[in-house]
Amino acid sequence: MNWLGRFWTEVKAALFASDVDAAQTELRDRARTAAPVIWLIGKTGAGKTAIVSALTGDPRAEIGEGYQPCTRLASFYDVPEEAPFLRFLDTRGLEEAGYDPAEDIAWCEAQAHLLLAVMQVDDPAQEPVMRVVREARRRHPDWQLIVAQTGLHRRYPPGTSHPESFDETALPESLRDALTYQRGLFRNLPGREPPIFVPLDFTQPEDGHVPADYRLAALDAALESVLPAALGALHAARADEGNDRRHARARRTIYAYVALAAAAGAVPIPLAGAAGLAAMQGAMLNRLARRYEVEWTPGLFAAFAGCLGFGALGWFAMRYLVAEMVKLVPGLGTAAGMALNAGTAAAFTAGTGEAACVFLRAERMGQSAPPEEVRRAYRDAFRGWRARRT
């Protein structure tokens with residue numbers, strides 16, 4: 001258990017460090033480098049912000065906050081902001097007179113992993129969008145492309161609303177024609193894979209169309225087929241949004257550090273990633289405490305570690321050390337050890353984060369979290385993440 005004791009010493013060093021903000025800035029920069037990027041391409045008013053807001057459940061997107069400029073006409077939206085596991089890249093100004101997107105394309109394409117073109121279904125003038133999409137796919141033929149066709153209700157006959165069962169063959173003729181026309185724009189598009197078309201609609205309550213996020217699940221499915229881990233994290237966080245907004249934000253933080261922990265566990269040199277993993281646990285616990293408006297003290301941290309119990313922590317240490325020793329075997333052993341510890345480090349981080357949420361939620365309410373509930377949260381998250389990666 002000496003290694004586990006040293007590990008927790010490293011966690012505490014990161015948790016109580018005087019320069020914790022500087023450490024978290026470094027982690028945020030590292031996360032931004034590793035996070036997959038969804039490049040949003042569409043004209044103003046096409047529904048890009050509505051998509052980001054609906055996918056993330058974050059109201060900052062609705063009011064235009066959270067977007068950080070990266071070029072004159074492009075900006076990032078990080079989820080979560082402090083250490084993103086997913087980034088949205090929004091390029092604006094495509095339809096402006098005289099706008100030359102060459103510089104923005106050159107910068108954006110180096111960051112993107114997936115193209116998400118957004119088009120209002122009743123807007124046939126999509127050449128500014130198509131020009132960017134064609135050039136991006138010409139340079140990167142392996143990039144996946146999803147086309148979100150929005151604003152379906154604009155082509156509904158008066159007095160009608162969303163069909164309960166979406167069947168394109170049964171849609172109003174005007175809407176079918178508009179969908180077909182836009183899809184025809186993508187004929188002969190460079191690239192290895194054909195676009196995935198997703199008709200959907202986001203409306204306001206006063207519009208009278210239910211649900212207001214019509215066919216969001218279809219967009220979820222399309223994105224998850226390409227970015228399963230990141231979209232799975234969004235689903236889990238969004239599920240909490242209506243019941244516990246604070247926990248939803250905390251869960252986004254947890255998944256950000258889960259992604260970083262997996263990268264630390266995959267370091268090929270035995271035990272080289274342990275210090276980085278410990279620092280991530282401390283940074284995550286610090287950030288979660290801020291979410292719950294609680295301040296860690298040595299006594300409070302000792303109580304949390306006691307709730308977790310050395311049985312669970314010892315089991316993690318054993319699995320981690322065994323996988324680290326596997327890395328000593330040249331070739332396949334190193335690869336196997338990296339894969340095993342990437343999963344173990346991610347599962348441990350997920351478990352620690354969920355357990356901390358239970359502990360901190362009770363502390364914020366002036367109560368003591370039952371140790372069995374803290375351990376159950378750790379165990380369920382650990383097993384769930386392990387099952388997800390196998």
# chains A, B, ... in the order shown; residues from 1 in each chain; ligands from 1
$ select_by_dssp --residues "stretch 35-236 of chain A" --states "alpha helix (DSSP H)" --output "PyMOL selection string"
chain A and resi 48-56+59-62+102-109+127-139+173-184+216-224+228-236
$ closest_residue --among "A:Ser161, A:Thr150, A:Ser174, A:Thr44" --to "A:Val210" --atoms "only C-alpha atoms"
A:Ser161
$ closest_residue --among "A:Gln281, A:Ala350, A:Leu175, A:Pro195" --to "A:Arg251" --atoms "only C-alpha atoms"
A:Ala350
$ closest_residue --among "A:Ala217, A:Ile254, A:Leu360, A:Met365" --to "A:Phe304" --atoms "only C-alpha atoms"
A:Leu360
$ closest_residue --among "A:Ala83, A:Val132, A:Ala61, A:Leu15" --to "A:Gly42" --atoms "only C-alpha atoms"
A:Val132
$ closest_atom_pairs --of "stretch 32-95 of chain A" --to "stretch 110-127 of chain A" --cutoff "6 Å" --atoms "only C-alpha atoms" --output "JSON lines"
{"residue": "A:Pro36", "atom": "CA", "partner": "A:His113", "partner_atom": "CA", "distance": 5.9}
{"residue": "A:Val37", "atom": "CA", "partner": "A:Ala112", "partner_atom": "CA", "distance": 4.8}
{"residue": "A:Ile38", "atom": "CA", "partner": "A:Leu114", "partner_atom": "CA", "distance": 4.9}
{"residue": "A:Trp39", "atom": "CA", "partner": "A:Leu115", "partner_atom": "CA", "distance": 5.0}
{"residue": "A:Leu40", "atom": "CA", "partner": "A:Leu116", "partner_atom": "CA", "distance": 5.0}
{"residue": "A:Ile41", "atom": "CA", "partner": "A:Ala117", "partner_atom": "CA", "distance": 4.7}
{"residue": "A:Gly42", "atom": "CA", "partner": "A:Val118", "partner_atom": "CA", "distance": 4.9}
{"residue": "A:Ala46", "atom": "CA", "partner": "A:Gln120", "partner_atom": "CA", "distance": 5.1}
$ write_last_selection --atoms "C-alpha atoms" --output "tab-separated table (two decimals), in the first residue's frame"
chain	number	residue	atom	x	y	z
A	36	PRO	CA	-12.62	16.14	-30.28
A	37	VAL	CA	-13.90	19.18	-32.18
A	38	ILE	CA	-17.24	19.51	-33.94
A	39	TRP	CA	-16.90	22.19	-36.61
A	40	LEU	CA	-20.22	23.99	-37.08
A	41	ILE	CA	-20.68	25.42	-40.56
A	42	GLY	CA	-23.81	27.37	-41.38
A	46	ALA	CA	-29.42	28.46	-39.35
$ closest_residue --among "A:Glu103, A:Asp207, A:Asp380, A:Glu81" --to "A:Asp58" --atoms "only C-alpha atoms"
A:Glu81
$ atom_distance --atom1 "atom CA of A:Ala34" --atom2 "atom CA of A:His140"
19.0 Å
$ residues_around --residues "A:Gly353" --least-positions-apart "6" --cutoff "10 Å" --atoms "only C-alpha atoms" --output "VMD selection string"
chain A and resid 250 to 251 253 to 255 257 to 258 281 284 to 285 288 347 359 377 to 378 381 to 382
$ residues_around --residues "A:Glu164" --least-positions-apart "3" --cutoff "12 Å" --atoms "only C-alpha atoms" --output "PyMOL selection string"
chain A and resi 160-161+167+170-171+209-211+214-215
$ select_by_dssp --residues "stretch 147-262 of chain A" --states "strand (DSSP E)" --output "mmCIF file with N, CA and C atoms, in the first residue's frame"
data_model
loop_
_atom_site.group_PDB
_atom_site.id
_atom_site.type_symbol
_atom_site.label_atom_id
_atom_site.label_comp_id
_atom_site.auth_asym_id
_atom_site.auth_seq_id
_atom_site.Cartn_x
_atom_site.Cartn_y
_atom_site.Cartn_z
ATOM 1 N N VAL A 147 -25.249 16.613 -41.800
ATOM 2 C CA VAL A 147 -25.988 17.791 -42.260
ATOM 3 C C VAL A 147 -27.287 17.883 -41.466
ATOM 4 N N ALA A 148 -27.399 18.904 -40.635
ATOM 5 C CA ALA A 148 -28.618 19.141 -39.860
ATOM 6 C C ALA A 148 -29.524 20.070 -40.658
ATOM 7 N N GLN A 149 -30.671 19.559 -41.066
ATOM 8 C CA GLN A 149 -31.640 20.356 -41.827
ATOM 9 C C GLN A 149 -32.712 20.835 -40.845
ATOM 10 N N THR A 150 -32.685 22.125 -40.553
ATOM 11 C CA THR A 150 -33.483 22.676 -39.457
ATOM 12 C C THR A 150 -34.699 23.444 -39.969
ATOM 13 N N ILE A 196 -24.404 12.285 -43.631
ATOM 14 C CA ILE A 196 -25.546 11.799 -42.858
ATOM 15 C C ILE A 196 -26.512 12.972 -42.710
ATOM 16 N N PHE A 197 -27.727 12.837 -43.235
ATOM 17 C CA PHE A 197 -28.705 13.921 -43.178
ATOM 18 C C PHE A 197 -29.659 13.709 -42.004
ATOM 19 N N VAL A 198 -29.845 14.773 -41.210
ATOM 20 C CA VAL A 198 -30.709 14.700 -40.036
ATOM 21 C C VAL A 198 -31.696 15.862 -40.065
ATOM 22 N N PRO A 199 -32.939 15.654 -40.494
ATOM 23 C CA PRO A 199 -33.964 16.697 -40.374
ATOM 24 C C PRO A 199 -34.367 16.853 -38.900
ATOM 25 N N ASP A 201 -35.877 20.088 -35.718
ATOM 26 C CA ASP A 201 -36.513 21.390 -35.557
ATOM 27 C C ASP A 201 -36.414 21.840 -34.106
ATOM 28 N N PHE A 202 -36.026 23.091 -33.905
ATOM 29 C CA PHE A 202 -36.024 23.704 -32.582
ATOM 30 C C PHE A 202 -36.952 24.911 -32.631
ATOM 31 N N ASP A 213 -37.702 20.479 -29.103
ATOM 32 C CA ASP A 213 -36.435 19.990 -29.678
ATOM 33 C C ASP A 213 -36.723 18.727 -30.493
ATOM 34 N N TYR A 214 -37.500 18.901 -31.532
ATOM 35 C CA TYR A 214 -37.985 17.784 -32.346
ATOM 36 C C TYR A 214 -36.834 17.081 -33.060
#
$ closest_residue --among "A:Glu135, A:Asp177, A:Glu168, A:Glu26" --to "A:Ala102" --atoms "only C-alpha atoms"
A:Glu135
$ residues_around --residues "stretch 188-191 of chain A" --least-positions-apart "4" --cutoff "6 Å" --atoms "only C-alpha atoms" --output "NGL selection string"
:A and (137-138 or 141)
$ residues_around --residues "A:Pro59" --least-positions-apart "4" --cutoff "12 Å" --atoms "only C-alpha atoms" --output "list of chain:residue names"
A:Thr49, A:Ala50, A:Ile51, A:Val52, A:Ser53, A:Ala54, A:Leu55, A:Ile63, A:Gly64, A:Glu65, A:Gly66, A:Arg238, A:Glu241, A:Arg245, A:Arg249
$ atom_distance --atom1 "atom CA of A:Thr297" --atom2 "atom CA of A:Glu373"
21.2 Å
